[in-house]
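Visitor: Have a look at the structure that comes next, please.
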Amino acid sequence: MRKFLNRLLHPVVLWSLLLLYMAMAFWIMPRAAAKIEPFSHGLKVLDLELSYNLQQVQLLFDTLGEPGRSIYRAVELTEDFFYPLSYGLLLSLGIVYFFQRSFPKIPQMELLGIFPLIAMLFDYAENIFIVQMLSAYPQISESKILLASSATTLKWGFVIISLLLIFTALTIHLFKRYVLRKA
């Protein structure tokens, strides 16, 4: 397993993942959001909220109308299928890469790379629940909203933890590389 992981940590793989993520974050997802925006009248889609309740979901879905809900569902099933994969793998491998370099004698630190993958799984769960709610509209169960909102909250929690981990690992790596070597 470690050999496979080390192959994934090759600079070509890491740069490719970074380019994929940048394409998703700065080109594909903004274009997808632009498809929904004319129908949302300024309301944020559920994926971008920290949590939501029945009233918020009903307001958004009512405001979107059938064409907007159809576009939102299509985005969830296409563009938003690849986005969690792009950030999940990039952050996970980034954490492993920088912790390996910062703490080479503590291989257990690599296990911290699981946090972005957990975020990715919660993002997929969120997307599935949103598609189910869009498909069931106007009959949206409060339990489905609770599950979707919980998945959204957990996704953002694990994304924040992942970003803090990669920032910490990168800072330690740079400190050891540039400050401690000069001392």
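By order in the structure tokens, chains are A, B, ...; within a chain, residues start at 1; ligands start at 1, following the order shown.
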Which residues of segment 60-128 of chain A come within 10 Å of segment 137-151 of chain A, and for each one, what is the closest pair of atoms and their distance in Å to one decimal, counting only C-alpha atoms, sorted by chain and residue number, as a tab-separated table?

Guide:
```
residue	atom	partner	partner_atom	distance
A:Phe61	CA	A:Tyr137	CA	7.8
A:Asp62	CA	A:Pro138	CA	8.6
A:Glu66	CA	A:Tyr137	CA	9.5
A:Arg69	CA	A:Tyr137	CA	9.0
A:Ala119	CA	A:Ala151	CA	9.1
A:Leu121	CA	A:Ala151	CA	8.9
A:Phe122	CA	A:Ala151	CA	5.2
A:Asp123	CA	A:Ala151	CA	6.8
A:Tyr124	CA	A:Ala151	CA	8.7
A:Ala125	CA	A:Ala151	CA	6.3
A:Glu126	CA	A:Ala148	CA	5.1
A:Asn127	CA	A:Ala148	CA	8.0
A:Ile128	CA	A:Ala148	CA	8.3
```

Visitor: Which residues of segment 7-98 of chain A come within 12 Å of segment 169-176 of chain A, and for each one, what is the closest pair of atoms and their distance in Å to one decimal, counting only C-alpha atoms, sorted by chain and residue number, as CSV?

Guide:
```
residue,atom,partner,partner_atom,distance
A:Leu91,CA,A:Ala169,CA,11.3
A:Ser92,CA,A:Ala169,CA,11.7
A:Leu93,CA,A:Ala169,CA,11.7
A:Gly94,CA,A:Leu170,CA,8.7
A:Ile95,CA,A:Ala169,CA,6.6
A:Val96,CA,A:Ala169,CA,8.7
A:Tyr97,CA,A:Ala169,CA,8.7
A:Phe98,CA,A:Ala169,CA,5.3
```

Visitor: Keeping C-alpha atoms for every residue in the selection just given, could you write it to a file as a compact mmCIF listing (two decimals), in the first residue's frame?

Guide:
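The file below, out.txt, is the result:
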```
# COMPACT_ATOMS: atom_id res chain seq x y z
CA LEU A 91 -5.96 17.65 -0.29
CA SER A 92 -5.43 14.07 0.82
CA LEU A 93 -2.24 13.61 -1.18
CA GLY A 94 -1.07 17.11 -0.23
CA ILE A 95 -1.44 16.31 3.46
CA VAL A 96 0.40 13.01 3.07
CA TYR A 97 3.13 14.60 0.93
CA PHE A 98 3.92 17.45 3.33
```

Visitor: Give me, please, the distance in Å between atom CA of His10 of chain A and atom CA of Val179 of chain A, quoted to one decimal.

Guide: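 So the two atoms, atom CA of His10 of chain A and atom CA of Val179 of chain A, lie 25.2 Å apart.
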
Visitor: Can you tell me, as a ChimeraX atom specification, which residues in segment 25-176 of chain A count as alpha helix (DSSP H) by DSSP?

Guide: /A:29-40,54-77,79-102,114-136,142-174

Visitor: Smallest atom-to-atom distance to Asp80 of chain A: which of A:Gly157, A:Pro30, A:Gly113, A:Pro11, using only C-alpha atoms?

Guide: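 Going through A:Gly157, A:Pro30, A:Gly113, A:Pro11 one by one, the smallest distance to Asp80 of chain A is for A:Pro30.
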
Visitor: Between A:Lys3, A:Val57, A:His41, A:Glu79, which one has atoms that come closest to Ile28 of chain A, using only C-alpha atoms?

Guide: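 Closest to Ile28 of chain A, using only C-alpha atoms: A:Glu79.
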
Visitor: For Leu48 of chain A, which residue among A:Ala74, A:Lys155, A:Leu5, A:Ala136 is the nearest when counting only C-alpha atoms?

Guide: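 For Leu48 of chain A, the nearest of the candidates is A:Lys155.
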
Visitor: Can you tell me, as an mmCIF file with C-alpha atoms, in the first residue's frame, what residues are no more than 12 Å from Pro67 of chain A when counting only C-alpha atoms, ignoring any on the same chain fewer than 6 positions away?

Guide:
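Printed below is selection22.cif as written:
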```
data_model
loop_
_atom_site.group_PDB
_atom_site.id
_atom_site.type_symbol
_atom_site.label_atom_id
_atom_site.label_comp_id
_atom_site.auth_asym_id
_atom_site.auth_seq_id
_atom_site.Cartn_x
_atom_site.Cartn_y
_atom_site.Cartn_z
ATOM 1 C CA LYS A 35 -26.651 28.054 -15.140
ATOM 2 C CA ILE A 36 -28.608 27.999 -11.845
ATOM 3 C CA GLU A 37 -28.189 31.655 -10.876
ATOM 4 C CA PRO A 38 -30.884 33.152 -13.171
ATOM 5 C CA PHE A 39 -33.462 30.947 -11.469
ATOM 6 C CA SER A 40 -32.284 31.329 -7.846
ATOM 7 C CA PHE A 61 -36.871 24.971 -4.669
ATOM 8 C CA ARG A 73 -30.344 18.293 -10.454
ATOM 9 C CA ALA A 74 -28.276 17.967 -13.657
ATOM 10 C CA LEU A 134 -35.173 17.693 -6.074
#
```

Visitor: So, counting only C-alpha atoms, which residue among A:Ser135, A:Gln55, A:Gln108, A:Ser102 is closest to Ile71 of chain A?

Guide: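 Ranked by minimum distance to Ile71 of chain A, first place goes to A:Ser135.
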
Visitor: Ranking A:Met133, A:Leu50, A:Ala25, A:Leu64 by minimum distance to Ile160 of chain A and counting only C-alpha atoms, which one comes first?

Guide: A:Leu50

Visitor: So what do you get for atom CA of Glu49 of chain A versus atom CA of Ala23 of chain A, distance-wise?

Guide: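 A separation of 22.3 Å between them.
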
Visitor: Just checking: using only C-alpha atoms, which residue out of A:Leu89, A:Leu165, A:Leu60, A:Leu180 ends up closest to Tyr21 of chain A?

Guide: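 Result for the nearest residue to Tyr21 of chain A: A:Leu89.
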
Visitor: What does the structure give for the distance between atom CA of Leu18 of chain A and atom CA of Ser86 of chain A, in Å to one decimal?

Guide: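 Going from atom CA of Leu18 of chain A over to atom CA of Ser86 of chain A covers 8.1 Å.
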